[in-house]
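Novice: Contents of entry17.csv (CSV, C-alpha atoms):
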```csv
chain,number,residue,atom,x,y,z
A,263,MET,CA,-3.4,-49.7,-43.4
A,264,ASP,CA,-4.3,-46.1,-42.6
A,265,GLN,CA,-2.3,-43.3,-41.1
A,266,PHE,CA,-3.4,-44.1,-37.5
A,267,ASP,CA,-2.1,-47.7,-37.9
A,268,ASN,CA,1.3,-46.9,-39.4
A,269,LYS,CA,1.9,-43.5,-37.8
A,270,SER,CA,2.8,-41.9,-41.1
A,271,PHE,CA,1.7,-38.4,-40.2
A,272,ALA,CA,4.2,-35.6,-40.9
A,273,ILE,CA,4.9,-33.9,-37.6
A,274,LEU,CA,6.9,-30.7,-37.5
A,275,VAL,CA,8.7,-29.9,-34.2
A,276,ALA,CA,9.8,-26.3,-33.8
A,277,GLU,CA,12.1,-25.9,-30.8
A,278,ASP,CA,15.3,-23.8,-30.5
A,279,ASN,CA,16.6,-25.8,-27.5
A,280,THR,CA,18.4,-28.7,-29.1
A,281,VAL,CA,18.2,-31.0,-26.0
A,282,ILE,CA,14.4,-30.6,-25.7
A,283,LYS,CA,13.9,-30.9,-29.5
A,284,ASN,CA,15.9,-34.2,-29.6
A,285,MET,CA,14.0,-35.5,-26.6
A,286,LEU,CA,10.6,-34.7,-28.3
A,287,MET,CA,11.7,-36.3,-31.5
A,288,SER,CA,13.0,-39.4,-29.7
A,289,ALA,CA,9.7,-39.7,-27.8
A,290,LEU,CA,7.7,-39.4,-31.0
A,291,THR,CA,9.9,-42.1,-32.6
A,292,SER,CA,9.4,-44.4,-29.6
A,293,LEU,CA,5.6,-43.9,-30.0
A,294,GLY,CA,5.8,-45.2,-33.6
A,295,TYR,CA,5.8,-41.9,-35.5
A,296,ARG,CA,8.3,-42.0,-38.3
A,297,ASN,CA,8.0,-38.8,-40.3
A,298,ILE,CA,9.3,-36.1,-37.8
A,299,ILE,CA,10.7,-32.8,-39.2
A,300,PRO,CA,12.8,-30.5,-37.0
A,301,ALA,CA,12.8,-26.7,-37.1
A,302,PHE,CA,15.0,-24.4,-35.1
A,303,ASP,CA,12.4,-21.7,-34.6
A,304,GLY,CA,9.1,-20.2,-36.0
A,305,LYS,CA,10.8,-18.8,-39.1
A,306,ASP,CA,12.3,-22.1,-40.1
A,307,ALA,CA,9.0,-23.8,-39.3
A,308,TRP,CA,7.0,-21.4,-41.5
A,309,ASP,CA,9.5,-22.0,-44.4
A,310,ILE,CA,9.1,-25.8,-44.0
A,311,ILE,CA,5.3,-25.6,-43.8
A,312,GLN,CA,5.2,-23.8,-47.2
A,313,GLN,CA,7.4,-26.4,-48.8
A,314,GLU,CA,6.2,-29.7,-47.3
A,315,LYS,CA,2.8,-31.3,-46.4
A,316,ILE,CA,2.6,-31.0,-42.6
A,317,ASP,CA,-0.1,-32.9,-40.6
A,318,LEU,CA,0.7,-31.5,-37.1
A,319,ILE,CA,2.8,-28.7,-35.7
A,320,ILE,CA,4.3,-28.9,-32.3
A,321,SER,CA,5.9,-25.6,-31.3
A,322,ASP,CA,7.6,-24.1,-28.4
A,323,TYR,CA,6.4,-20.7,-27.3
A,324,TYR,CA,9.7,-18.9,-26.7
A,325,MET,CA,11.8,-19.0,-29.8
A,326,PRO,CA,14.0,-16.4,-31.6
A,327,ARG,CA,13.0,-14.5,-34.7
A,328,VAL,CA,9.4,-15.9,-34.9
A,329,ASN,CA,7.9,-17.2,-31.6
A,330,GLY,CA,5.2,-19.8,-31.2
A,331,LEU,CA,2.2,-17.4,-31.1
A,332,GLU,CA,3.5,-15.6,-34.2
A,333,LEU,CA,3.9,-18.9,-36.0
A,334,LEU,CA,0.4,-19.9,-35.0
A,335,SER,CA,-1.0,-16.6,-36.3
A,336,LYS,CA,0.7,-17.2,-39.7
A,337,VAL,CA,-0.7,-20.6,-39.9
A,338,ARG,CA,-4.3,-19.7,-38.9
A,339,ASN,CA,-4.4,-16.6,-41.2
A,340,SER,CA,-3.1,-18.5,-44.3
A,341,SER,CA,-5.5,-19.6,-47.0
A,342,GLN,CA,-3.7,-23.0,-47.4
A,343,TYR,CA,-2.6,-24.2,-44.0
A,344,TRP,CA,-5.2,-22.7,-41.7
A,345,SER,CA,-6.7,-26.0,-40.5
A,346,THR,CA,-3.3,-27.6,-39.6
A,347,PRO,CA,-3.5,-28.9,-36.0
A,348,PHE,CA,-1.2,-26.9,-33.6
A,349,ILE,CA,0.2,-27.9,-30.2
A,350,MET,CA,2.0,-25.3,-28.1
A,351,LEU,CA,4.8,-26.2,-25.7
A,352,THR,CA,5.2,-24.0,-22.6
A,353,SER,CA,6.5,-24.2,-19.0
A,354,GLU,CA,4.1,-24.5,-16.1
A,355,ALA,CA,5.0,-21.1,-14.9
A,356,ARG,CA,4.1,-19.5,-18.3
A,357,LYS,CA,1.1,-21.7,-19.2
A,358,SER,CA,-1.6,-19.3,-18.0
A,359,MET,CA,0.0,-16.3,-19.7
A,360,VAL,CA,0.3,-18.2,-23.0
A,361,ILE,CA,-3.3,-19.5,-22.8
A,362,TYR,CA,-4.7,-16.0,-22.0
A,363,SER,CA,-2.7,-14.2,-24.7
A,364,THR,CA,-3.4,-16.7,-27.5
A,365,GLU,CA,-5.7,-15.0,-30.1
A,366,GLU,CA,-5.9,-17.8,-32.6
A,367,GLU,CA,-7.4,-21.3,-32.3
A,368,ILE,CA,-5.0,-23.8,-30.7
A,369,ASP,CA,-5.5,-27.5,-30.3
A,370,ALA,CA,-3.6,-28.3,-27.2
A,371,TYR,CA,-1.0,-27.1,-24.7
A,372,ILE,CA,1.8,-29.3,-23.4
A,373,VAL,CA,3.6,-28.3,-20.2
A,374,LYS,CA,7.4,-29.0,-20.2
A,375,PRO,CA,9.0,-31.3,-19.3
A,376,VAL,CA,6.7,-33.8,-21.0
A,377,SER,CA,6.9,-37.6,-20.7
A,378,PRO,CA,6.6,-39.8,-23.8
A,379,ASP,CA,3.2,-41.2,-22.6
A,380,SER,CA,1.8,-37.7,-22.0
A,381,LEU,CA,3.1,-36.5,-25.4
A,382,GLY,CA,1.6,-39.5,-27.0
A,383,ARG,CA,-1.9,-38.9,-25.5
A,384,TYR,CA,-1.9,-35.2,-26.7
A,385,VAL,CA,-0.6,-36.0,-30.2
A,386,ASP,CA,-3.0,-38.9,-30.7
A,387,GLU,CA,-6.0,-36.9,-29.5
A,388,VAL,CA,-5.2,-33.9,-31.6
A,389,LEU,CA,-4.7,-35.9,-34.7
A,390,LYS,CA,-7.9,-37.9,-34.2
A,391,ASN,CA,-9.9,-34.7,-33.6
A,392,ARG,CA,-8.7,-33.4,-37.0
A,393,TYR,CA,-8.3,-36.5,-39.2
A,394,SER,CA,-10.8,-39.0,-37.6
A,395,PRO,CA,-13.1,-36.8,-35.6
A,396,ASN,CA,-16.0,-37.7,-33.3
A,397,ASP,CA,-19.4,-36.1,-33.9
A,398,PHE,CA,-18.5,-33.0,-32.0
A,399,TYR,CA,-15.4,-32.3,-34.0
A,400,LYS,CA,-17.0,-33.3,-37.2
A,401,ALA,CA,-19.6,-30.6,-36.7
A,402,VAL,CA,-16.9,-28.0,-35.6
A,403,ASN,CA,-14.7,-28.8,-38.6
A,404,ALA,CA,-17.6,-28.7,-41.0
A,405,GLY,CA,-18.6,-25.3,-39.6
A,406,LYS,CA,-15.1,-23.9,-40.0
A,407,ILE,CA,-14.9,-25.1,-43.6
A,408,LYS,CA,-18.3,-23.6,-44.4
A,409,LEU,CA,-17.3,-20.3,-42.8
A,410,ARG,CA,-14.2,-20.2,-44.9
A,411,MET,CA,-16.4,-20.7,-48.0
A,412,GLY,CA,-18.7,-17.8,-46.9
A,413,LYS,CA,-21.7,-20.2,-46.2
A,414,LYS,CA,-22.5,-18.5,-42.9
A,415,GLU,CA,-26.0,-19.8,-42.4
A,416,GLN,CA,-24.9,-23.4,-43.0
A,417,ALA,CA,-21.8,-22.8,-40.7
A,418,LEU,CA,-24.1,-21.6,-38.0
A,419,GLU,CA,-26.1,-24.8,-38.2
A,420,SER,CA,-22.9,-26.9,-37.9
A,421,PHE,CA,-21.7,-24.9,-34.8
A,422,LEU,CA,-25.2,-25.1,-33.2
A,423,LYS,CA,-25.1,-28.9,-33.8
A,424,ALA,CA,-21.6,-29.1,-32.1
A,425,SER,CA,-22.8,-27.1,-29.1
A,426,SER,CA,-25.8,-29.4,-28.7
A,427,ILE,CA,-23.5,-32.5,-28.8
A,428,ASN,CA,-21.1,-31.0,-26.2
A,429,PRO,CA,-22.4,-27.9,-24.5
A,430,GLU,CA,-19.3,-27.7,-22.2
A,431,LYS,CA,-16.9,-27.0,-25.1
A,432,SER,CA,-17.0,-23.3,-25.7
A,433,ILE,CA,-15.4,-23.0,-29.2
A,434,PRO,CA,-18.7,-23.3,-31.2
A,435,TYR,CA,-20.1,-20.4,-29.1
A,436,PHE,CA,-17.3,-18.1,-30.3
A,437,TYR,CA,-18.0,-18.8,-34.0
A,438,MET,CA,-21.8,-18.6,-33.4
A,439,GLY,CA,-21.2,-15.2,-31.7
A,440,GLU,CA,-19.3,-13.9,-34.7
A,441,ILE,CA,-21.9,-15.1,-37.2
A,442,LEU,CA,-24.9,-13.8,-35.2
A,443,GLU,CA,-23.1,-10.4,-34.8
A,444,GLU,CA,-22.7,-10.2,-38.5
A,445,PHE,CA,-26.4,-11.0,-38.9
A,446,ASN,CA,-27.2,-8.1,-36.5
A,447,LYS,CA,-28.6,-10.5,-34.0
A,448,ASP,CA,-26.8,-8.7,-31.2
A,449,ASP,CA,-28.5,-10.2,-28.2
A,450,GLU,CA,-28.0,-13.7,-29.4
A,451,ALA,CA,-24.4,-12.9,-30.3
A,452,LEU,CA,-23.9,-11.5,-26.8
A,453,GLU,CA,-25.2,-14.6,-25.2
A,454,ASN,CA,-22.8,-16.8,-27.2
A,455,TYR,CA,-19.7,-14.6,-26.6
A,456,ARG,CA,-20.4,-14.8,-22.9
A,457,LYS,CA,-20.2,-18.6,-23.0
A,458,CYS,CA,-16.5,-18.2,-24.2
A,459,ASP,CA,-15.4,-16.8,-20.8
A,460,ASP,CA,-13.1,-19.7,-20.0
A,461,THR,CA,-9.7,-21.0,-21.0
A,462,SER,CA,-10.9,-24.1,-22.8
A,463,ASN,CA,-11.3,-21.9,-25.8
A,464,SER,CA,-8.1,-20.3,-27.1
A,465,LEU,CA,-10.3,-17.6,-28.8
A,466,TYR,CA,-11.2,-16.4,-25.3
A,467,VAL,CA,-9.7,-12.9,-25.7
A,468,ARG,CA,-11.3,-12.3,-29.1
A,469,ALA,CA,-14.7,-13.1,-27.6
A,470,PHE,CA,-14.1,-10.1,-25.4
A,471,ASP,CA,-13.7,-7.9,-28.5
A,472,GLY,CA,-17.1,-9.2,-29.7
A,473,LEU,CA,-18.7,-8.4,-26.4
A,474,ALA,CA,-17.2,-4.9,-26.6
A,475,ARG,CA,-18.4,-4.2,-30.1
A,476,ILE,CA,-21.9,-5.1,-29.2
A,477,PHE,CA,-21.8,-2.9,-26.1
A,478,ILE,CA,-20.6,-0.1,-28.2
A,479,LYS,CA,-23.5,-0.6,-30.7
A,480,LYS,CA,-25.8,-0.4,-27.7
A,481,GLN,CA,-23.9,2.8,-26.5
A,482,ASP,CA,-23.1,1.0,-23.3
A,483,TYR,CA,-19.6,2.4,-23.1
A,484,ASP,CA,-19.0,1.6,-19.5
A,485,SER,CA,-19.5,-2.1,-20.1
A,486,ALA,CA,-17.4,-2.0,-23.3
A,487,THR,CA,-14.6,-0.2,-21.4
A,488,LYS,CA,-14.6,-2.8,-18.6
A,489,ILE,CA,-14.5,-5.8,-20.9
A,490,LEU,CA,-11.8,-4.2,-23.1
A,491,LYS,CA,-9.7,-3.5,-20.0
A,492,LYS,CA,-10.0,-7.1,-19.1
A,493,ALA,CA,-8.9,-8.1,-22.6
A,494,VAL,CA,-6.0,-5.7,-22.6
A,495,GLU,CA,-4.9,-7.0,-19.2
A,496,VAL,CA,-4.4,-10.5,-20.5
A,497,SER,CA,-3.3,-9.6,-24.0
A,498,PRO,CA,-1.8,-6.2,-24.0
A,499,ALA,CA,-0.1,-6.0,-27.4
A,500,GLN,CA,-3.0,-5.8,-29.8
A,501,VAL,CA,-3.1,-2.2,-31.2
A,502,GLU,CA,-6.6,-2.3,-32.6
A,503,ARG,CA,-8.0,-3.4,-29.3
A,504,LEU,CA,-6.1,-0.6,-27.5
A,505,ILE,CA,-7.5,2.0,-29.9
A,506,MET,CA,-11.0,0.7,-29.4
A,507,LEU,CA,-10.5,1.0,-25.6
A,508,VAL,CA,-9.2,4.5,-26.1
A,509,LYS,CA,-12.3,5.6,-27.9
A,510,CYS,CA,-14.5,4.0,-25.1
A,511,CYS,CA,-12.5,5.9,-22.5
A,512,GLN,CA,-13.2,9.1,-24.5
A,513,LYS,CA,-16.9,8.3,-24.5
A,514,ILE,CA,-17.0,7.9,-20.7
A,515,GLY,CA,-14.8,11.0,-20.1
A,516,ASP,CA,-11.8,9.1,-18.9
A,517,LEU,CA,-9.1,11.3,-20.5
A,518,GLU,CA,-6.3,9.8,-18.4
A,519,GLY,CA,-7.3,6.3,-19.4
A,520,ALA,CA,-7.4,7.3,-23.0
A,521,LYS,CA,-3.9,8.9,-22.8
A,522,LYS,CA,-2.5,5.8,-21.1
A,523,TYR,CA,-3.8,3.3,-23.7
A,524,LEU,CA,-2.9,5.6,-26.5
A,525,SER,CA,0.7,5.7,-25.2
A,526,ASN,CA,0.7,1.9,-25.0
A,527,ALA,CA,-0.6,1.7,-28.6
A,528,SER,CA,2.0,4.1,-29.9
A,529,GLU,CA,4.8,2.0,-28.3
A,530,ILE,CA,3.6,-1.1,-30.0
A,531,ALA,CA,3.0,0.5,-33.3
A,532,GLN,CA,6.7,1.2,-33.8
A,533,LYS,CA,7.1,2.4,-37.5
A,534,ASP,CA,3.7,1.3,-38.8
A,535,VAL,CA,2.8,4.6,-40.4
A,536,ALA,CA,-1.0,3.9,-40.9
A,537,ILE,CA,-1.4,3.0,-37.2
A,538,ILE,CA,0.7,6.0,-36.1
A,539,GLU,CA,-1.4,8.4,-38.1
A,540,ASN,CA,-4.6,6.9,-36.6
A,541,ILE,CA,-3.1,7.3,-33.1
A,542,ALA,CA,-2.0,10.9,-33.9
A,543,ARG,CA,-5.5,11.7,-35.1
A,544,ILE,CA,-7.0,10.6,-31.8
A,545,TYR,CA,-4.4,12.7,-29.9
A,546,PHE,CA,-5.4,15.6,-32.1
A,547,ASP,CA,-9.1,15.1,-31.4
A,548,LEU,CA,-8.3,15.1,-27.7
A,549,GLY,CA,-6.5,18.4,-28.1
A,550,LEU,CA,-3.2,16.8,-27.3
A,551,PHE,CA,-1.4,18.5,-30.2
A,552,GLU,CA,2.1,18.0,-28.8
A,553,ASP,CA,1.6,14.3,-28.4
A,554,ALA,CA,0.1,14.1,-31.9
A,555,GLU,CA,3.2,15.8,-33.3
A,556,THR,CA,5.6,13.7,-31.3
A,557,ILE,CA,4.2,10.4,-32.5
A,558,LEU,CA,4.1,11.6,-36.1
A,559,ARG,CA,7.7,12.7,-36.0
A,560,LYS,CA,8.5,9.3,-34.6
A,561,GLY,CA,6.8,7.5,-37.5
A,562,TYR,CA,8.0,9.6,-40.4
A,563,ASP,CA,11.4,9.4,-42.2
A,564,GLN,CA,13.7,12.3,-41.1
A,565,GLY,CA,14.1,13.7,-44.6
A,566,SER,CA,10.4,14.6,-45.1
A,567,ARG,CA,9.3,14.6,-41.4
A,568,GLU,CA,8.3,18.3,-41.1
A,569,LEU,CA,6.4,18.4,-44.3
A,570,LYS,CA,4.4,15.2,-43.5
A,571,VAL,CA,3.6,16.4,-40.0
A,572,PHE,CA,2.1,19.7,-41.3
A,573,ASN,CA,0.2,17.8,-44.0
A,574,GLN,CA,-1.3,15.4,-41.5
A,575,PHE,CA,-2.3,18.2,-39.2
A,576,GLY,CA,-4.0,19.9,-42.1
A,577,LEU,CA,-6.0,16.8,-42.8
A,578,MET,CA,-6.9,16.3,-39.2
A,579,ALA,CA,-8.0,20.0,-38.8
A,580,LYS,CA,-10.1,19.7,-42.0
A,581,GLU,CA,-11.8,16.6,-40.7
A,582,LYS,CA,-12.9,18.5,-37.6
A,583,GLY,CA,-14.2,21.4,-39.7
A,584,GLU,CA,-11.5,23.7,-38.5
A,585,TYR,CA,-10.8,25.2,-41.9
A,586,GLU,CA,-8.7,28.2,-40.9
A,587,LYS,CA,-6.5,26.1,-38.7
A,588,SER,CA,-6.1,23.6,-41.6
A,589,LYS,CA,-5.1,26.4,-44.0
A,590,LYS,CA,-2.3,27.4,-41.6
A,591,TYR,CA,-0.9,23.9,-41.5
A,592,TYR,CA,-1.0,23.5,-45.2
A,593,GLN,CA,0.7,26.9,-45.7
A,594,GLU,CA,3.5,25.8,-43.3
A,595,ALA,CA,3.9,22.6,-45.4
A,596,LEU,CA,4.0,24.6,-48.6
A,597,LYS,CA,6.8,26.8,-47.3
A,598,LEU,CA,8.9,23.7,-47.1
A,599,SER,CA,7.9,22.3,-50.5
A,600,PRO,CA,5.8,24.8,-52.6
A,601,HIS,CA,5.0,22.4,-55.4
A,602,ASN,CA,4.5,19.2,-53.5
A,603,ASP,CA,1.8,17.3,-55.3
A,604,ILE,CA,0.2,15.7,-52.2
A,605,VAL,CA,0.1,18.8,-50.1
A,606,ASN,CA,-1.3,20.9,-53.0
A,607,TYR,CA,-3.9,18.3,-53.7
A,608,ASN,CA,-5.0,18.1,-50.1
A,609,TYR,CA,-5.1,22.0,-49.9
A,610,ALA,CA,-7.2,22.0,-53.0
A,611,VAL,CA,-9.7,19.6,-51.4
A,612,LEU,CA,-9.9,22.0,-48.5
A,613,PHE,CA,-10.7,24.9,-50.8
A,614,ILE,CA,-13.4,22.8,-52.5
A,615,GLU,CA,-15.1,22.2,-49.1
A,616,MET,CA,-14.8,26.0,-48.5
A,617,LYS,CA,-16.4,26.5,-52.0
A,618,GLU,CA,-13.3,28.5,-53.2
A,619,TYR,CA,-13.1,26.7,-56.5
A,620,GLN,CA,-10.7,28.9,-58.4
A,621,THR,CA,-8.2,28.7,-55.6
A,622,ALA,CA,-8.6,24.9,-55.6
A,623,LYS,CA,-7.9,24.8,-59.3
A,624,ALA,CA,-4.7,26.9,-58.8
A,625,HIS,CA,-3.4,24.4,-56.3
A,626,ILE,CA,-4.2,21.4,-58.4
A,627,LYS,CA,-2.4,22.9,-61.3
A,628,ARG,CA,0.6,23.6,-59.0
A,629,SER,CA,0.6,19.9,-58.0
A,630,LEU,CA,0.6,18.9,-61.7
A,631,LEU,CA,3.7,21.1,-62.3
A,632,ASN,CA,5.6,18.9,-59.9
A,633,ASN,CA,4.0,15.6,-61.1
A,634,PRO,CA,2.3,15.8,-64.5
A,635,ASP,CA,1.3,12.1,-64.2
A,636,PHE,CA,-0.5,12.7,-60.9
A,637,LYS,CA,-3.7,10.7,-61.7
A,638,GLU,CA,-5.8,12.0,-58.8
A,639,GLY,CA,-4.8,15.6,-59.5
A,640,LYS,CA,-5.7,15.3,-63.2
A,641,GLU,CA,-9.1,13.7,-62.4
A,642,LEU,CA,-9.9,16.4,-59.8
A,643,LEU,CA,-8.9,19.2,-62.1
A,644,GLU,CA,-11.1,17.8,-64.9
A,645,LYS,CA,-14.1,17.7,-62.5
A,646,LEU,CA,-13.4,21.3,-61.3
A,647,GLU,CA,-13.2,22.6,-64.9
A,648,GLN,CA,-16.5,21.0,-65.8
A,649,PHE,CA,-18.2,22.2,-62.6
A,650,CYS,CA,-16.6,25.6,-62.5
A,651,PRO,CA,-15.2,26.9,-65.9
A,652,GLN,CA,-12.4,29.5,-65.9
A,653,GLY,CA,-13.6,32.9,-64.6
A,654,GLU,CA,-16.7,31.6,-62.7
```
How would this structure read if it were set down as structure tokens?

Specialist:
Amino acid sequence: MDQFDNKSFAILVAEDNTVIKNMLMSALTSLGYRNIIPAFDGKDAWDIIQQEKIDLIISDYYMPRVNGLELLSKVRNSSQYWSTPFIMLTSEARKSMVIYSTEEEIDAYIVKPVSPDSLGRYVDEVLKNRYSPNDFYKAVNAGKIKLRMGKKEQALESFLKASSINPEKSIPYFYMGEILEEFNKDDEALENYRKCDDTSNSLYVRAFDGLARIFIKKQDYDSATKILKKAVEVSPAQVERLIMLVKCCQKIGDLEGAKKYLSNASEIAQKDVAIIENIARIYFDLGLFEDAETILRKGYDQGSRELKVFNQFGLMAKEKGEYEKSKKYYQEALKLSPHNDIVNYNYAVLFIEMKEYQTAKAHIKRSLLNNPDFKEGKELLEKLEQFCPQGE
């Protein structure tokens, strides 16, 4: 007797509303499923997934701590659980928003309240597509496995086969678009991404990113801007997409648009220092120095905030070839911490670009006074000594 006969699949139900969770578990029990595991929210669900073998996840969208989309992202981006079928529960009023904002592959949506018969149809279909698939899903599943193994040409063949079996299903087109884009077959990739412009494919929004990347390669910034604005409209919280849109706005001369989307990105970034520095660099490039300073101050710890702001401004000015301005920023930083190893190192790199090698060596030595084990500093000093001995 196989799993489909005895309903032995392990089904995880993540729902913070006790009444709804009990109703779902009761419905699954009445349908013959006998291995049902409850979770209060996405955090509990993720802990359970890592401890027990789960065959299907049924998750509400709105939950505390970790919501349904965040749980989905954790599952899809894991090396071990990425292929686990996932059903999202949502209300009718929120269904469109959830569909459009999903950026990872999802197997089905169920609108609440749900009857036992309806729940059974969804669960049976999703389980069969994954564990006893028809020819279409066999080809799709094979393609995804080959893609995870890095066998992209073989994966492309599988997705092409899936699209020929069922040309109405758009999910193979997304994966073919990604592979063809990587193979630099941009026109073919573009054609496939365009076939993802429907909500039957939960990777809908990411297909827009693919279209935009190709438009950018073709230097068609107007088209890239339009498609990214559409993507941001339906999924506004993805920082990398917002930054890509900002750069497109810059290219078409839309300064106000660039400022708007930069502001959105900075609000989402919170305390992610790497993203904040990237956003500050764009502000700096636009000549919006006060905005760049404001976001850097927001991202850095209070104790070293001034020093780090001046250091970053020094780096940004150097990248733009504005050496005198860069020197002034580093000098301000060194007034606050004369022997700071990072600032002295960065200042030395600036002097190397200016071909002032003895001054560069002096600052590297100063950095090593503060931190004798500073590996990058020792390596740079050794290269400078070989290239430019003392006195030359």

Novice: What's the separation between atom CA of A:Met616 and atom CA of A:Gln648, in Å to one decimal place?

Specialist: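 If I compute the distance from atom CA of A:Met616 to atom CA of A:Gln648, I get 18.1 Å.
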
Novice: Grab the atom CA of A:Lys582 to atom CA of A:Gly519 distance for me, in Å with one decimal place.

Specialist: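 Interatomic distance here is 22.6 Å.
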
Novice: At what distance in Å, to one decimal, does atom CA of A:Glu453 lie from atom CA of A:Asp482?

Specialist: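 Going from atom CA of A:Asp482 over to atom CA of A:Glu453, I get 15.9 Å.
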
Novice: Set the distance at 9 Å and use all atoms listed in the file: which residues neighbour A:Leu422 once local chain neighbours fewer than 5 positions away are removed? I'd like the list as a PyMOL selection string.

Specialist: chain A and resi 401+417+427+434-435+438

Novice: Of the candidates A:Leu409, A:Ile316, A:Ile541, A:Ile489, which one gets nearest to A:Asn526 if we count only C-alpha atoms?

Specialist: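 Smallest separation from A:Asn526 among the options: A:Ile541.
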
Novice: Neighbourhood query: residues within 12 Å of (10.1, -28.0, -45.8), file coordinates, counting only C-alpha atoms; return as a list in words.

Specialist: Ala272, Ile273, Leu274, Val275, Ile298, Ile299, Pro300, Ala301, Lys305, Asp306, Ala307, Trp308, Asp309, Ile310, Ile311, Gln312, Gln313, Glu314, Lys315 and Ile316 of chain A

Novice: Quick one: which stretch 542-641 of chain A residues come within 12 Å of stretch 504-510 of chain A, and what is the nearest atom pair for each with the distance in Å to one decimal, counting all atoms listed in the file, rows ordered by chain and ascending number, as a tab-separated table?

Specialist:
```
residue	atom	partner	partner_atom	distance
A:Ala542	CA	A:Ile505	CA	11.2
A:Arg543	CA	A:Ile505	CA	11.2
A:Ile544	CA	A:Lys509	CA	8.3
A:Tyr545	CA	A:Val508	CA	10.2
A:Asp547	CA	A:Lys509	CA	10.6
A:Leu548	CA	A:Lys509	CA	10.3
```

Novice: Write a file of the selected residues as an mmCIF file, keeping the file's coordinate frame, keeping C-alpha atoms.

Specialist:
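Everything below was put into result_17.cif:
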```cif
data_model
loop_
_atom_site.group_PDB
_atom_site.id
_atom_site.type_symbol
_atom_site.label_atom_id
_atom_site.label_comp_id
_atom_site.auth_asym_id
_atom_site.auth_seq_id
_atom_site.Cartn_x
_atom_site.Cartn_y
_atom_site.Cartn_z
ATOM 1 C CA ALA A 542 -2.000 10.900 -33.900
ATOM 2 C CA ARG A 543 -5.500 11.700 -35.100
ATOM 3 C CA ILE A 544 -7.000 10.600 -31.800
ATOM 4 C CA TYR A 545 -4.400 12.700 -29.900
ATOM 5 C CA ASP A 547 -9.100 15.100 -31.400
ATOM 6 C CA LEU A 548 -8.300 15.100 -27.700
#
```

Novice: Can you tell me which residues surround A:Val535 at a distance of at most 8 Å, considering only C-alpha atoms, apart from same-chain residues fewer than 4 positions away, and format the answer as a list in words?

Specialist: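 Non-adjacent residues within range: Glu539, Gly561 and Tyr562 of chain A.
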
Novice: Between A:Glu518, A:Asp553, A:Asp397, A:Asp471, which one has atoms that come closest to A:Ser497, using only C-alpha atoms?

Specialist: A:Asp471

Novice: Identify, on the basis of only C-alpha atoms, every residue whose closest approach to A:Pro326 does not exceed 12 Å; exclude the query and any residue fewer than 5 positions from it along the same chain; express the result as a list in words.

Specialist: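 Once the nearby chain positions are removed, what remains is Ala276, Glu277, Asp278, Asn279, Ala301, Phe302, Asp303, Gly304, Lys305, Asp306, Ala307, Leu331, Glu332 and Leu333 of chain A.
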
Novice: Write only N, CA and C atoms for stretch 569-580 of chain A from the block just shown, as a compact mmCIF listing (two decimals), in the first residue's frame.

Specialist:
```
# COMPACT_ATOMS: atom_id res chain seq x y z
N LEU A 569 33.02 59.03 12.48
CA LEU A 569 34.21 58.47 11.83
C LEU A 569 33.84 57.67 10.59
N LYS A 570 32.83 56.81 10.71
CA LYS A 570 32.45 55.95 9.59
C LYS A 570 31.84 56.76 8.44
N VAL A 571 31.10 57.81 8.76
CA VAL A 571 30.51 58.65 7.70
C VAL A 571 31.62 59.30 6.89
N PHE A 572 32.60 59.89 7.55
CA PHE A 572 33.71 60.53 6.83
C PHE A 572 34.51 59.51 6.02
N ASN A 573 34.72 58.33 6.59
CA ASN A 573 35.46 57.29 5.87
C ASN A 573 34.72 56.88 4.61
N GLN A 574 33.39 56.68 4.72
CA GLN A 574 32.61 56.30 3.54
C GLN A 574 32.60 57.41 2.49
N PHE A 575 32.50 58.64 2.93
CA PHE A 575 32.54 59.76 1.97
C PHE A 575 33.89 59.81 1.27
N GLY A 576 34.96 59.48 2.00
CA GLY A 576 36.28 59.43 1.37
C GLY A 576 36.34 58.38 0.29
N LEU A 577 35.78 57.19 0.58
CA LEU A 577 35.74 56.11 -0.41
C LEU A 577 34.91 56.51 -1.63
N MET A 578 33.77 57.12 -1.39
CA MET A 578 32.87 57.48 -2.50
C MET A 578 33.51 58.55 -3.40
N ALA A 579 34.14 59.54 -2.77
CA ALA A 579 34.79 60.59 -3.57
C ALA A 579 35.95 60.00 -4.38
N LYS A 580 36.70 59.07 -3.77
CA LYS A 580 37.81 58.44 -4.50
C LYS A 580 37.30 57.67 -5.71
```
